[in-house]
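Have a look at the structure below, then the notes.
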Amino acid sequence: MTTVRHKDGTSRAGTAPQNAPPRLRLLLWSGLSAVLALTLAAFVWVRILHHGPPRGLIRDIRAGIAARHIQDPDKRLLKYLEVRYGPMSDPANRQRAFLDFFNVDHIKGLQLLVRYSPPTQRQANIEAMARWVAAYRTSLTPEERTALNARFQSAQGKAMLRRATGQYNSEDVQYRGATAPVISQLLRTIYEVEHGR
């Protein structure tokens, strides 16, 4: 115990904070820890749970999980695409699947799927995707090519391509090298629809 002297000259026995009993210090630290935990929980709620990860990323992961046990890479990809976008017999679903290659959140989702796919399936998945893009390009009608070119030439389309290119270029060199077959097919598709081929 220490004597605390007040301004009016009186004194009273009291406990200085430095000399607080261990139980009081434990209560103070517990209270401080609880406040910090609540602050952290509020931050997580607002930043992650409330806003959540991009909806498309969750759809990519669900579709990847649904297709993971299929052995044939082309059938595995088709299952992924159909879970993600709907039946590929519908031209609108095929177009959505193609245009999503230029969606930044989807690029991130695909990067995660490539990173966490079994190593024995990884390159086969990439090659199947490249084949799908090539087949999509050859299936386009003249009207679909014209509409796709108009979309790419619009201000929004050009901005979409810039964002997608920036995101792709920000990925590591190994990933870019592995996915080059898909990128090659995407670029060829853009070139051909632009030049009416």
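By convention in this document, the chains of the structure tokens carry letters A, B, ... by their order, each chain's residues are numbered from 1, and ligands are numbered from 1 in the order they are shown.
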
Just want the 12 Å neighbourhood of range 133-147 of chain A, counted on only C-alpha atoms, with same-chain residues fewer than 2 positions away dropped. Output as a VMD selection string. chain A and resid 74 77 to 78 81 88 to 101 126 to 131 149 to 154 157 181 to 197

Which residue gives the smallest distance to Asn125 in chain A among A:Arg84, A:Arg62, A:His106, A:Lys79, with only C-alpha atoms counted?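 Smallest distance to Asn125 in chain A is found for A:Lys79.
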